[in-house]
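Q: Quick one: this structure, given as C-alpha coordinates, is what I'll be asking you about.
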Amino acid sequence: QVQLVESGGGLVQAGGSLRLSCAASGSIASIEAMGWYRQAPGSQRELVAIITSDSSTNYADSVKGRFTISRDSAKTTVYLRMNSLKPEDTAVYYCKLVYDYGRDYWGKGTLVTVSS
(Lines give C-alpha, C1' and ligand atoms only; values in the text may rest on other atoms or scores of the structure.)
Protein backbone atom coordinates (compact mmCIF):
# COMPACT_ATOMS: atom_id res chain seq x y z
CA GLN A 1 0.00 0.00 0.00
CA VAL A 2 1.15 3.49 -0.90
CA GLN A 3 -0.16 6.62 0.73
CA LEU A 4 0.13 10.22 -0.36
CA VAL A 5 -1.02 12.87 2.06
CA GLU A 6 -1.51 16.31 0.54
CA SER A 7 -2.07 19.51 2.43
CA GLY A 8 -1.86 23.26 2.07
CA GLY A 9 -4.62 24.20 -0.33
CA GLY A 10 -7.06 26.96 0.37
CA LEU A 11 -8.38 30.35 -0.60
CA VAL A 12 -5.97 33.19 -1.23
CA GLN A 13 -6.17 36.59 -2.87
CA ALA A 14 -4.39 37.29 -6.12
CA GLY A 15 -0.76 38.10 -5.45
CA GLY A 16 -0.69 35.93 -2.37
CA SER A 17 1.23 32.76 -1.59
CA LEU A 18 0.52 29.20 -0.56
CA ARG A 19 2.65 26.15 0.11
CA LEU A 20 1.45 22.68 -0.75
CA SER A 21 2.92 19.57 0.84
CA CYS A 22 2.74 15.94 -0.21
CA ALA A 23 4.11 13.16 1.97
CA ALA A 24 4.65 9.68 0.58
CA SER A 25 4.70 6.54 2.69
CA GLY A 26 4.06 2.83 2.50
CA SER A 27 5.46 0.07 0.32
CA ILE A 28 7.92 2.11 -1.72
CA ALA A 29 11.35 0.77 -2.60
CA SER A 30 12.57 3.81 -4.49
CA ILE A 31 11.10 7.16 -5.39
CA GLU A 32 11.94 8.20 -8.92
CA ALA A 33 10.03 11.46 -9.06
CA MET A 34 7.37 13.44 -7.28
CA GLY A 35 5.43 16.27 -8.72
CA TRP A 36 2.35 18.40 -8.82
CA TYR A 37 -0.31 18.52 -11.47
CA ARG A 38 -3.45 20.62 -11.56
CA GLN A 39 -6.84 20.46 -13.12
CA ALA A 40 -9.12 23.44 -13.51
CA PRO A 41 -12.84 23.01 -14.22
CA GLY A 42 -13.38 22.03 -17.84
CA SER A 43 -9.68 21.56 -18.45
CA GLN A 44 -7.32 18.63 -18.67
CA ARG A 45 -4.91 17.80 -15.92
CA GLU A 46 -1.56 19.46 -16.56
CA LEU A 47 1.92 19.30 -15.14
CA VAL A 48 2.82 22.11 -12.77
CA ALA A 49 6.21 21.03 -11.48
CA ILE A 50 8.16 17.85 -10.92
CA ILE A 51 11.37 16.89 -9.16
CA THR A 52 13.28 13.72 -9.95
CA SER A 53 15.51 11.50 -7.84
CA ASP A 54 18.60 13.34 -9.10
CA SER A 55 17.03 16.67 -8.11
CA SER A 56 16.23 17.77 -11.63
CA THR A 57 13.18 19.98 -11.82
CA ASN A 58 10.75 20.87 -14.55
CA TYR A 59 8.07 23.53 -14.51
CA ALA A 60 5.15 24.52 -16.66
CA ASP A 61 5.91 27.74 -18.48
CA SER A 62 2.93 29.37 -16.81
CA VAL A 63 4.43 29.00 -13.34
CA LYS A 64 8.14 29.52 -13.97
CA GLY A 65 9.52 32.20 -11.72
CA ARG A 66 6.51 32.03 -9.38
CA PHE A 67 6.41 28.43 -8.15
CA THR A 68 9.21 26.42 -6.60
CA ILE A 69 9.23 22.68 -6.02
CA SER A 70 11.43 21.22 -3.33
CA ARG A 71 11.62 18.20 -1.07
CA ASP A 72 12.80 17.20 2.37
CA SER A 73 16.08 15.47 3.14
CA ALA A 74 14.41 12.07 3.26
CA LYS A 75 13.07 12.72 -0.24
CA THR A 76 9.64 11.47 0.77
CA THR A 77 7.90 14.82 1.06
CA VAL A 78 7.60 17.31 -1.74
CA TYR A 79 6.61 20.92 -1.41
CA LEU A 80 5.26 23.43 -3.88
CA ARG A 81 5.77 27.03 -2.92
CA MET A 82 3.40 29.18 -4.94
CA ASN A 83 4.00 32.92 -5.03
CA SER A 84 2.31 35.73 -6.95
CA LEU A 85 -0.78 33.62 -7.37
CA LYS A 86 -3.20 34.49 -10.12
CA PRO A 87 -6.89 33.65 -10.53
CA GLU A 88 -5.92 31.36 -13.39
CA ASP A 89 -3.96 29.24 -10.92
CA THR A 90 -7.27 28.17 -9.41
CA ALA A 91 -7.51 24.39 -9.70
CA VAL A 92 -7.39 21.14 -7.86
CA TYR A 93 -3.72 20.32 -7.34
CA TYR A 94 -2.73 16.66 -7.38
CA CYS A 95 0.46 15.12 -6.13
CA LYS A 96 1.96 12.36 -8.26
CA LEU A 97 4.49 9.80 -7.14
CA VAL A 98 6.60 7.80 -9.58
CA TYR A 99 8.27 4.86 -7.89
CA ASP A 100 9.60 1.34 -8.23
CA TYR A 101 10.52 1.32 -11.93
CA GLY A 102 7.80 3.49 -13.34
CA ARG A 103 4.81 2.78 -11.16
CA ASP A 104 2.75 5.83 -10.37
CA TYR A 105 0.30 6.85 -7.71
CA TRP A 106 -1.89 9.94 -7.39
CA GLY A 107 -3.02 11.85 -4.39
CA LYS A 108 -6.65 12.81 -3.91
CA GLY A 109 -6.04 16.46 -4.65
CA THR A 110 -6.20 19.72 -2.79
CA LEU A 111 -8.18 22.74 -3.95
CA VAL A 112 -6.45 26.05 -4.52
CA THR A 113 -8.72 29.02 -5.12
CA VAL A 114 -7.27 32.41 -6.04
CA SER A 115 -9.68 35.32 -5.84
CA SER A 116 -9.25 38.46 -7.90
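By convention in this document, the chains of the C-alpha coordinates carry letters A, B, ... by their order, each chain's residues are numbered from 1, and ligands are numbered from 1 in the order they are shown.
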Near range 21-24 of chain A, counting only C-alpha atoms, which residues have an atom at most 10 Å away, once you skip same-chain residues fewer than 4 positions from it, shown as a CSV table (one decimal) with all heavy atoms, in the first residue's frame?

A:
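File result_39.csv, as written:
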```
chain,number,residue,atom,x,y,z
A,2,VAL,N,0.5,2.2,-0.8
A,2,VAL,CA,1.1,3.5,-0.9
A,2,VAL,C,0.2,4.6,-0.4
A,2,VAL,O,-1.0,4.5,-0.7
A,2,VAL,CB,1.6,3.8,-2.3
A,2,VAL,CG1,2.2,5.2,-2.5
A,2,VAL,CG2,2.7,2.7,-2.8
A,3,GLN,N,0.7,5.5,0.3
A,3,GLN,CA,-0.2,6.6,0.7
A,3,GLN,C,0.5,7.9,0.3
A,3,GLN,O,1.7,8.1,0.4
A,3,GLN,CB,-0.4,6.6,2.2
A,3,GLN,CG,-1.2,5.4,2.8
A,3,GLN,CD,-0.3,4.2,3.1
A,3,GLN,OE1,0.8,4.4,3.6
A,3,GLN,NE2,-0.8,3.1,2.8
A,4,LEU,N,-0.3,8.9,-0.1
A,4,LEU,CA,0.1,10.2,-0.4
A,4,LEU,C,-0.8,11.1,0.4
A,4,LEU,O,-2.0,11.1,0.2
A,4,LEU,CB,0.1,10.6,-1.8
A,4,LEU,CG,1.1,10.0,-2.8
A,4,LEU,CD1,0.8,10.4,-4.2
A,4,LEU,CD2,2.5,10.3,-2.4
A,5,VAL,N,-0.2,11.9,1.3
A,5,VAL,CA,-1.0,12.9,2.1
A,5,VAL,C,-0.7,14.3,1.6
A,5,VAL,O,0.4,14.7,1.8
A,5,VAL,CB,-0.7,12.7,3.6
A,5,VAL,CG1,-1.5,13.7,4.4
A,5,VAL,CG2,-1.1,11.3,4.0
A,6,GLU,N,-1.7,14.9,1.1
A,6,GLU,CA,-1.5,16.3,0.5
A,6,GLU,C,-2.1,17.3,1.5
A,6,GLU,O,-3.1,17.0,2.2
A,6,GLU,CB,-2.2,16.5,-0.8
A,6,GLU,CG,-1.7,15.5,-1.9
A,6,GLU,CD,-2.8,15.3,-2.9
A,6,GLU,OE1,-4.0,15.2,-2.6
A,6,GLU,OE2,-2.4,15.2,-4.1
A,7,SER,N,-1.5,18.5,1.6
A,7,SER,CA,-2.1,19.5,2.4
A,7,SER,C,-1.6,20.9,1.9
A,7,SER,O,-0.7,20.9,1.1
A,7,SER,CB,-1.6,19.3,3.9
A,7,SER,OG,-0.2,19.4,4.0
A,8,GLY,N,-2.3,21.9,2.4
A,8,GLY,CA,-1.9,23.3,2.1
A,8,GLY,C,-2.7,24.1,1.1
A,8,GLY,O,-2.5,25.2,0.9
A,9,GLY,N,-3.7,23.4,0.6
A,9,GLY,CA,-4.6,24.2,-0.3
A,9,GLY,C,-5.5,25.2,0.5
A,9,GLY,O,-5.5,25.2,1.7
A,28,ILE,N,7.2,1.4,-0.7
A,28,ILE,CA,7.9,2.1,-1.7
A,28,ILE,C,9.4,1.7,-1.6
A,28,ILE,O,10.0,2.0,-0.6
A,28,ILE,CB,7.8,3.6,-1.6
A,28,ILE,CG1,6.3,4.0,-1.7
A,28,ILE,CG2,8.6,4.3,-2.7
A,28,ILE,CD1,6.0,5.5,-1.2
A,31,ILE,N,11.9,6.1,-4.8
A,31,ILE,CA,11.1,7.2,-5.4
A,31,ILE,C,11.9,7.7,-6.6
A,31,ILE,O,13.0,8.1,-6.4
A,31,ILE,CB,10.8,8.2,-4.4
A,31,ILE,CG1,9.8,7.7,-3.3
A,31,ILE,CG2,10.2,9.5,-5.0
A,31,ILE,CD1,9.5,8.7,-2.2
A,34,MET,N,8.6,13.0,-7.9
A,34,MET,CA,7.4,13.4,-7.3
A,34,MET,C,7.0,14.8,-7.9
A,34,MET,O,8.0,15.6,-8.2
A,34,MET,CB,7.5,13.6,-5.8
A,34,MET,CG,7.6,12.2,-5.1
A,34,MET,SD,7.7,12.4,-3.2
A,34,MET,CE,5.9,12.8,-2.9
A,35,GLY,N,5.8,15.0,-8.1
A,35,GLY,CA,5.4,16.3,-8.7
A,35,GLY,C,4.0,16.7,-8.4
A,35,GLY,O,3.3,16.0,-7.7
A,36,TRP,N,3.7,17.8,-9.0
A,36,TRP,CA,2.3,18.4,-8.8
A,36,TRP,C,1.7,18.6,-10.2
A,36,TRP,O,2.4,19.2,-11.1
A,36,TRP,CB,2.4,19.7,-8.1
A,36,TRP,CG,2.8,19.6,-6.6
A,36,TRP,CD1,4.0,19.6,-6.1
A,36,TRP,CD2,1.9,19.3,-5.6
A,36,TRP,NE1,4.0,19.4,-4.7
A,36,TRP,CE2,2.6,19.2,-4.4
A,36,TRP,CE3,0.5,19.1,-5.5
A,36,TRP,CZ2,2.1,18.9,-3.1
A,36,TRP,CZ3,-0.1,18.8,-4.2
A,36,TRP,CH2,0.7,18.7,-3.1
A,69,ILE,N,9.4,24.0,-6.6
A,69,ILE,CA,9.2,22.7,-6.0
A,69,ILE,C,10.5,22.3,-5.3
A,69,ILE,O,11.6,22.6,-5.7
A,69,ILE,CB,8.9,21.7,-7.1
A,69,ILE,CG1,8.4,20.3,-6.5
A,69,ILE,CG2,10.0,21.4,-8.1
A,69,ILE,CD1,7.8,19.4,-7.5
A,70,SER,N,10.3,21.7,-4.1
A,70,SER,CA,11.4,21.2,-3.3
A,70,SER,C,11.0,20.0,-2.6
A,70,SER,O,9.9,19.6,-2.6
A,70,SER,CB,11.9,22.3,-2.4
A,70,SER,OG,10.8,22.6,-1.5
A,71,ARG,N,12.0,19.4,-1.8
A,71,ARG,CA,11.6,18.2,-1.1
A,71,ARG,C,12.5,18.2,0.2
A,71,ARG,O,13.5,18.9,0.3
A,71,ARG,CB,11.8,16.9,-1.9
A,71,ARG,CG,13.3,16.7,-2.3
A,71,ARG,CD,13.4,15.6,-3.3
A,71,ARG,NE,14.7,15.4,-3.8
A,71,ARG,CZ,15.1,14.6,-4.8
A,71,ARG,NH1,14.2,13.9,-5.3
A,71,ARG,NH2,16.3,14.6,-5.2
A,72,ASP,N,12.1,17.3,1.1
A,72,ASP,CA,12.8,17.2,2.4
A,72,ASP,C,14.0,16.3,2.2
A,72,ASP,O,14.2,15.7,1.1
A,72,ASP,CB,11.9,16.7,3.5
A,72,ASP,CG,11.4,15.2,3.3
A,72,ASP,OD1,11.6,14.7,2.2
A,72,ASP,OD2,10.9,14.7,4.2
A,75,LYS,N,13.6,12.8,1.1
A,75,LYS,CA,13.1,12.7,-0.2
A,75,LYS,C,11.7,12.0,-0.3
A,75,LYS,O,11.4,11.4,-1.3
A,75,LYS,CB,14.1,12.0,-1.2
A,75,LYS,CG,15.4,12.8,-1.2
A,75,LYS,CD,16.4,12.1,-2.2
A,75,LYS,CE,17.7,12.8,-2.2
A,75,LYS,NZ,18.7,12.2,-3.1
A,76,THR,N,11.0,12.1,0.8
A,76,THR,CA,9.6,11.5,0.8
A,76,THR,C,8.5,12.5,0.8
A,76,THR,O,7.3,12.1,0.7
A,76,THR,CB,9.5,10.5,1.9
A,76,THR,OG1,9.7,11.2,3.2
A,76,THR,CG2,10.5,9.3,1.8
A,77,THR,N,8.9,13.7,1.0
A,77,THR,CA,7.9,14.8,1.1
A,77,THR,C,8.3,15.9,0.1
A,77,THR,O,9.5,16.3,0.0
A,77,THR,CB,7.8,15.4,2.5
A,77,THR,OG1,7.4,14.4,3.4
A,77,THR,CG2,6.8,16.6,2.5
A,78,VAL,N,7.3,16.3,-0.7
A,78,VAL,CA,7.6,17.3,-1.7
A,78,VAL,C,6.7,18.5,-1.4
A,78,VAL,O,5.6,18.4,-0.9
A,78,VAL,CB,7.3,16.8,-3.2
A,78,VAL,CG1,5.9,16.5,-3.4
A,78,VAL,CG2,7.9,17.7,-4.2
A,79,TYR,N,7.3,19.7,-1.7
A,79,TYR,CA,6.6,20.9,-1.4
A,79,TYR,C,6.5,21.7,-2.7
A,79,TYR,O,7.3,21.6,-3.6
A,79,TYR,CB,7.4,21.8,-0.4
A,79,TYR,CG,7.7,21.0,0.9
A,79,TYR,CD1,9.0,20.4,1.1
A,79,TYR,CD2,6.8,20.9,1.9
A,79,TYR,CE1,9.3,19.8,2.2
A,79,TYR,CE2,7.1,20.3,3.1
A,79,TYR,CZ,8.3,19.7,3.2
A,79,TYR,OH,8.6,19.0,4.4
A,80,LEU,N,5.4,22.5,-2.8
A,80,LEU,CA,5.3,23.4,-3.9
A,80,LEU,C,5.0,24.8,-3.3
A,80,LEU,O,3.9,25.0,-2.7
A,80,LEU,CB,4.1,23.0,-4.8
A,80,LEU,CG,4.0,23.9,-6.1
A,80,LEU,CD1,5.2,23.7,-7.0
A,80,LEU,CD2,2.7,23.5,-6.8
A,81,ARG,N,6.0,25.7,-3.4
A,81,ARG,CA,5.8,27.0,-2.9
A,81,ARG,C,5.2,27.8,-4.1
A,81,ARG,O,5.8,27.9,-5.2
A,81,ARG,CB,7.1,27.6,-2.5
A,81,ARG,CG,7.0,29.1,-2.0
A,81,ARG,CD,6.2,29.2,-0.7
A,81,ARG,NE,6.1,30.6,-0.3
A,81,ARG,CZ,5.4,31.0,0.8
A,81,ARG,NH1,4.8,30.1,1.6
A,81,ARG,NH2,5.4,32.3,1.1
A,94,TYR,N,-2.9,18.1,-7.7
A,94,TYR,CA,-2.7,16.7,-7.4
A,94,TYR,C,-1.2,16.4,-7.3
A,94,TYR,O,-0.5,16.8,-8.1
A,94,TYR,CB,-3.3,15.8,-8.5
A,94,TYR,CG,-4.8,15.9,-8.6
A,94,TYR,CD1,-5.4,16.8,-9.5
A,94,TYR,CD2,-5.7,15.0,-7.9
A,94,TYR,CE1,-6.8,16.9,-9.7
A,94,TYR,CE2,-7.0,15.1,-8.1
A,94,TYR,CZ,-7.6,16.0,-8.9
A,94,TYR,OH,-8.9,16.1,-9.1
A,95,CYS,N,-0.9,15.6,-6.3
A,95,CYS,CA,0.5,15.1,-6.1
A,95,CYS,C,0.6,13.8,-6.9
A,95,CYS,O,-0.3,12.9,-6.8
A,95,CYS,CB,0.8,14.9,-4.7
A,95,CYS,SG,2.4,14.3,-4.3
A,96,LYS,N,1.7,13.6,-7.6
A,96,LYS,CA,2.0,12.4,-8.3
A,96,LYS,C,3.3,11.8,-7.8
A,96,LYS,O,4.3,12.5,-7.7
A,96,LYS,CB,2.0,12.6,-9.8
A,96,LYS,CG,2.2,11.3,-10.6
A,96,LYS,CD,2.3,11.6,-12.1
A,96,LYS,CE,2.6,10.3,-12.9
A,96,LYS,NZ,2.6,10.6,-14.3
A,97,LEU,N,3.3,10.5,-7.5
A,97,LEU,CA,4.5,9.8,-7.1
A,97,LEU,C,4.9,8.8,-8.2
A,97,LEU,O,4.0,8.1,-8.7
A,97,LEU,CB,4.2,9.0,-5.8
A,97,LEU,CG,5.2,8.0,-5.4
A,97,LEU,CD1,6.5,8.7,-5.0
A,97,LEU,CD2,4.7,7.1,-4.3
A,105,TYR,N,1.4,6.8,-8.7
A,105,TYR,CA,0.3,6.9,-7.7
A,105,TYR,C,-0.1,8.3,-7.5
A,105,TYR,O,0.8,9.2,-7.5
A,105,TYR,CB,0.7,6.3,-6.4
A,105,TYR,CG,-0.4,6.1,-5.4
A,105,TYR,CD1,-1.2,4.9,-5.4
A,105,TYR,CD2,-0.7,7.0,-4.4
A,105,TYR,CE1,-2.2,4.7,-4.5
A,105,TYR,CE2,-1.7,6.8,-3.5
A,105,TYR,CZ,-2.4,5.7,-3.6
A,105,TYR,OH,-3.5,5.5,-2.7
A,107,GLY,N,-2.3,11.4,-5.6
A,107,GLY,CA,-3.0,11.9,-4.4
A,107,GLY,C,-4.5,12.2,-4.7
A,107,GLY,O,-4.9,12.2,-5.9
A,109,GLY,N,-5.9,15.1,-4.2
A,109,GLY,CA,-6.0,16.5,-4.7
A,109,GLY,C,-6.4,17.4,-3.5
A,109,GLY,O,-7.0,17.1,-2.6
A,110,THR,N,-5.9,18.6,-3.7
A,110,THR,CA,-6.2,19.7,-2.8
A,110,THR,C,-6.6,21.0,-3.6
A,110,THR,O,-5.9,21.3,-4.6
A,110,THR,CB,-5.0,20.0,-1.8
A,110,THR,OG1,-5.4,21.0,-0.9
A,110,THR,CG2,-3.8,20.4,-2.6
```

Q: Got a sec to tell me which of chain A DSSP assigns to strand (DSSP E or B), as an MDAnalysis selection string?

A: chainID A and resid 2:7 10:13 18:26 31:39 46:52 57:59 67:71 77:82 91:99 103:106 110:115

Q: Counting only C-alpha atoms, which residue out of A:Ser115, A:Asn83, A:Gln39, A:Gln44 sits closest to Gly65 in chain A?

A: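 Under the stated criterion, the closest residue is A:Asn83.
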
Q: Report, in Å with one decimal, the straight-line distance from CA of Ala29 in chain A to CA of Gly102 in chain A.

A: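 Taking CA of Ala29 in chain A as the start and CA of Gly102 in chain A as the end point, the length is 11.6 Å.
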
Q: Between CA of Arg19 in chain A and CA of Lys86 in chain A, what is the distance, to one decimal in Å?

A: 14.4 Å

Q: Could you check the closest approach to Gly15 in chain A for each of A:Leu47, A:Met82, A:Val63, A:Val98 and tell me which residue wins, using only C-alpha atoms?

A: A:Met82

Q: Between CA of Thr52 in chain A and CA of Gln1 in chain A, what is the distance, to one decimal in Å?

A: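 A separation of 21.5 Å between them.
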
Q: Write out as a PDB file with N, CA and C atoms, in the first residue's frame the set of residues from range 3-113 of chain A that DSSP, computed on the backbone, places in helix (DSSP H, G or I).

A:
```pdb
ATOM      1  N   ASP A  61       5.525  26.373 -18.157  1.00  0.00           N
ATOM      2  CA  ASP A  61       5.912  27.742 -18.484  1.00  0.00           C
ATOM      3  C   ASP A  61       5.084  28.759 -17.704  1.00  0.00           C
ATOM      4  N   SER A  62       3.844  28.429 -17.460  1.00  0.00           N
ATOM      5  CA  SER A  62       2.932  29.372 -16.814  1.00  0.00           C
ATOM      6  C   SER A  62       3.279  29.649 -15.361  1.00  0.00           C
ATOM      7  N   VAL A  63       4.101  28.807 -14.756  1.00  0.00           N
ATOM      8  CA  VAL A  63       4.427  28.997 -13.339  1.00  0.00           C
ATOM      9  C   VAL A  63       5.901  29.291 -13.100  1.00  0.00           C
ATOM     10  N   PRO A  87      -5.615  34.384 -10.468  1.00  0.00           N
ATOM     11  CA  PRO A  87      -6.889  33.654 -10.533  1.00  0.00           C
ATOM     12  C   PRO A  87      -6.824  32.425 -11.451  1.00  0.00           C
ATOM     13  N   GLU A  88      -6.015  32.506 -12.484  1.00  0.00           N
ATOM     14  CA  GLU A  88      -5.917  31.358 -13.394  1.00  0.00           C
ATOM     15  C   GLU A  88      -5.147  30.186 -12.799  1.00  0.00           C
ATOM     16  N   ASP A  89      -4.588  30.358 -11.628  1.00  0.00           N
ATOM     17  CA  ASP A  89      -3.958  29.238 -10.915  1.00  0.00           C
ATOM     18  C   ASP A  89      -4.988  28.419 -10.143  1.00  0.00           C
TER      19      ASP A  89
END
```

Q: I'd like the neighbourhood of Gln13 in chain A as a list in words, where a residue qualifies if any of its atoms comes within 8 Å (using only C-alpha atoms), though same-chain residues fewer than 5 positions away should be ignored.

A: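 Here the qualifying residues turn out to be Leu85, Val114, Ser115 and Ser116 of chain A.
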
Q: So that I can check the surroundings of Leu111 in chain A, please list as a list in words every protein, DNA and RNA residue that reaches within 7 Å of it, counting only C-alpha atoms and ignoring chain neighbours fewer than 4 positions away.

A: Gly9, Gly10, Ala91, Val92 and Tyr93 of chain A

Q: Take the residues just selected and output them with N, CA and C atoms as a short mmCIF file (atom, residue, chain, number, x, y, z; two decimals), in the first residue's frame.

A:
```
data_model
loop_
_atom_site.label_atom_id
_atom_site.label_comp_id
_atom_site.auth_asym_id
_atom_site.auth_seq_id
_atom_site.Cartn_x
_atom_site.Cartn_y
_atom_site.Cartn_z
N GLY A 9 -3.74 23.44 0.56
CA GLY A 9 -4.62 24.20 -0.33
C GLY A 9 -5.48 25.18 0.45
N GLY A 10 -6.18 26.01 -0.28
CA GLY A 10 -7.06 26.96 0.37
C GLY A 10 -7.40 28.12 -0.52
N ALA A 91 -7.39 25.77 -9.22
CA ALA A 91 -7.51 24.39 -9.70
C ALA A 91 -7.42 23.44 -8.52
N VAL A 92 -7.72 22.19 -8.81
CA VAL A 92 -7.39 21.14 -7.86
C VAL A 92 -5.97 20.69 -8.18
N TYR A 93 -5.12 20.70 -7.18
CA TYR A 93 -3.72 20.32 -7.34
C TYR A 93 -3.54 18.89 -6.84
#
```
